[in-house]
Amino acid sequence: MSQLATLSSSELRKLSSRELTAGLEEMTPAAIDRFKRMRKLTDEHTTALTTFLRQHPEKRLTAGVKLPAKPKPKSAPKKAKHSPARSSDDGYVQLWSRVRSWWDGEPIPQQAQKPFAKKPNMAIEVDTSSPESLLAERLDIIQKLWGTGNSLPGGETMTLKLLKGASPTADTLIADLSAGLGGGVRHLASTLGSTVHGFERDKDLATAGQIVSDQTDFSEKATILSFNPDKLHKVLDKLRYDIVFTRDLLCYLPDRKTALSVIGDSLKPNGSLVFTDLVLADRSTEKKAILEWRQSEPAKPYPATMDEYRELLLELRFDVKAMDDASDAYVSAIQDGWKAMVESLKSGSFSRTYVDALMTEGKVWLARSRALESGQLRLVHGRAVMQKGPKRSLTDSMSID
């Protein structure tokens, strides 16, 4: 069983938990990490894998990149909190507790000052990771937040819920412009039988997502390709799709009108655009929460208001069917993801690069959730249908079809 990664999906499903465990014992930490992320496991196999990693910490990926279990004191750099002296361990606050306090905006809880008999199990190790390990850590963080194969709040369940109004079926051809790691794309293909062309602007996520599709039964029904959102016309063929779906993407495009026009051209007559996007509640004033959100985003946002969205869609010959405020459900999904992350931090050791990546990800979602909770930023869930007939010129609003 040393070649678990080479087994087909059907062969893998036939393995007993004991056979799976035997195969894991012969794999390296990196190989196990790839296997866990790239293969679709049954609940029984997932439980067996989790139990195995809990019982064999040396088989976790971070075990292969951290320093030895008993590191010698470093000559430089020296910081008081990392001093080998036991007195510096007094009042130690575990990582999960610190992250939770930071997220909740509360003071770090003070622990009773007493010497530890041994080093706490939440040590942060110095790390010199390879690019592959850094990417593996990032993908691990994303999936612990949003679920295996997912990179946005709510996971695959949210994807199906958002598309419900468009009534997708097995005959529906869907373009997903926010495919991420492909969890939602594969869920649509497996649940509805639809063919889904997934596109993802983050090349690393797209590559990892396509590997999973290739290694499962979805290499043709659920593809994920990287793309440049500023060149949508190069990936969306005209009059091809029944549904174009996008989550939290359009507000980062400087030319949203052109992007929506290309999307409209790619839809069949009466095809549906389904989207979520971050919008301003009121353009007249931008208060602290909005300014902090703008500064935290890795890509510059160009948010519209809900009314501006409606007007633009009507101008482009879309029939707007729904424009709903989905902010509360979105914030709840973000909070659920960070609760799951905090729970995952209660066991194991984490490298410095892992913690840095976690905080980088956390700053984005913290600023986003606070702006949403302030009411200044909203998440709109829209659905619009491309009308039949030739499209009017965008510069001639009075022309008659």
# chains A, B, ... in the order shown; residues from 1 in each chain; ligands from 1

$ residues_around --residues "segment 300-312 of chain A" --least-positions-apart "2" --cutoff "6 Å" --atoms "only C-alpha atoms" --output "mmCIF file with C-alpha atoms, in the first residue's frame"
data_model
loop_
_atom_site.group_PDB
_atom_site.id
_atom_site.type_symbol
_atom_site.label_atom_id
_atom_site.label_comp_id
_atom_site.auth_asym_id
_atom_site.auth_seq_id
_atom_site.Cartn_x
_atom_site.Cartn_y
_atom_site.Cartn_z
ATOM 1 C CA CYS A 251 -15.463 44.669 -7.444
ATOM 2 C CA TYR A 252 -11.723 44.146 -8.094
ATOM 3 C CA VAL A 279 -20.764 46.884 -2.633
ATOM 4 C CA LEU A 280 -20.915 50.202 -0.815
ATOM 5 C CA LEU A 314 -30.150 47.179 -17.317
ATOM 6 C CA GLU A 315 -27.995 49.261 -19.666
#

$ residues_around --residues "Gly149 of chain A" --least-positions-apart "5" --cutoff "10 Å" --atoms "only C-alpha atoms" --output "VMD selection string"
chain A and resid 37 to 40 139 to 140 142 to 144 155 to 156 179 to 187 205 208 to 209 212

$ closest_residue --among "A:Thr276, A:Gln55, A:Ser133, A:Thr6" --to "Tyr354 of chain A" --atoms "only C-alpha atoms"
A:Ser133

$ closest_residue --among "A:Ala259, A:Arg370, A:Val244, A:Thr223" --to "Trp293 of chain A" --atoms "only C-alpha atoms"
A:Arg370

$ atom_distance --atom1 "atom CA of Leu366 of chain A" --atom2 "atom CA of Met341 of chain A"
13.4 Å

$ closest_residue --among "A:Phe350, A:Arg98, A:Ala189, A:His381" --to "Pro57 of chain A" --atoms "only C-alpha atoms"
A:Phe350

$ select_by_dssp --residues "segment 143-338 of chain A" --states "strand (DSSP E or B)" --output "count of residues only"
45

$ residues_around --residues "segment 322-325 of chain A" --least-positions-apart "2" --cutoff "8 Å" --atoms "only C-alpha atoms" --output "list of chain:residue names"
A:Met306, A:Arg310, A:Val320, A:Ser327, A:Arg378, A:Leu379, A:Val380, A:His381, A:Gly382, A:Arg383, A:Ala384

$ atom_distance --atom1 "atom CA of Phe318 of chain A" --atom2 "atom CA of Val385 of chain A"
5.4 Å

$ closest_residue --among "A:Asp356, A:Glu297, A:Asp202, A:Glu132" --to "Leu278 of chain A" --atoms "only C-alpha atoms"
A:Glu297

$ closest_residue --among "A:Ala281, A:Leu358, A:Asp319, A:Arg34" --to "Val342 of chain A" --atoms "only C-alpha atoms"
A:Leu358

$ residues_around --residues "Gln210 of chain A" --least-positions-apart "3" --cutoff "7 Å" --atoms "only C-alpha atoms" --output "list of chain:residue names"
A:Ala206, A:Thr207, A:Ser213, A:Asp214, A:Thr223, A:Ile224

$ write_last_selection --atoms "C-alpha atoms" --output "mmCIF file, in the first residue's frame"
data_model
loop_
_atom_site.group_PDB
_atom_site.id
_atom_site.type_symbol
_atom_site.label_atom_id
_atom_site.label_comp_id
_atom_site.auth_asym_id
_atom_site.auth_seq_id
_atom_site.Cartn_x
_atom_site.Cartn_y
_atom_site.Cartn_z
ATOM 1 C CA ALA A 206 -6.181 26.856 -10.209
ATOM 2 C CA THR A 207 -3.271 24.438 -10.583
ATOM 3 C CA SER A 213 -10.121 17.094 -10.748
ATOM 4 C CA ASP A 214 -7.594 15.057 -12.752
ATOM 5 C CA THR A 223 -12.096 21.753 -15.128
ATOM 6 C CA ILE A 224 -10.213 24.629 -13.496
#

$ residues_around --residues "Leu163 of chain A" --least-positions-apart "3" --cutoff "9 Å" --atoms "only C-alpha atoms" --output "list in words"
Met158, Thr159, Leu160, Ala166, Ser167, Pro168, Ile243, Phe245, Val274, Phe275 and Arg383 of chain A

$ residues_around --residues "segment 332-339 of chain A" --least-positions-apart "5" --cutoff "7 Å" --atoms "only C-alpha atoms" --output "PyMOL selection string"
chain A and resi 145-146+153-154

$ write_last_selection --atoms "C-alpha atoms" --output "mmCIF file, in the first residue's frame"
data_model
loop_
_atom_site.group_PDB
_atom_site.id
_atom_site.type_symbol
_atom_site.label_atom_id
_atom_site.label_comp_id
_atom_site.auth_asym_id
_atom_site.auth_seq_id
_atom_site.Cartn_x
_atom_site.Cartn_y
_atom_site.Cartn_z
ATOM 1 C CA LEU A 145 -11.016 27.975 7.002
ATOM 2 C CA TRP A 146 -13.500 27.103 4.269
ATOM 3 C CA PRO A 153 -16.745 31.285 2.934
ATOM 4 C CA GLY A 154 -19.608 28.820 2.928
#

$ atom_distance --atom1 "atom CA of Met27 of chain A" --atom2 "atom CA of Ala222 of chain A"
28.7 Å

$ select_by_dssp --residues "segment 157-307 of chain A" --states "alpha helix (DSSP H)" --output "ChimeraX atom specification"
/A:157-163,183-192,203-215,256-266,288-296,306-307

$ closest_residue --among "A:Leu232, A:Leu49, A:Ile32, A:Ile290" --to "Ala367 of chain A" --atoms "only C-alpha atoms"
A:Ile290
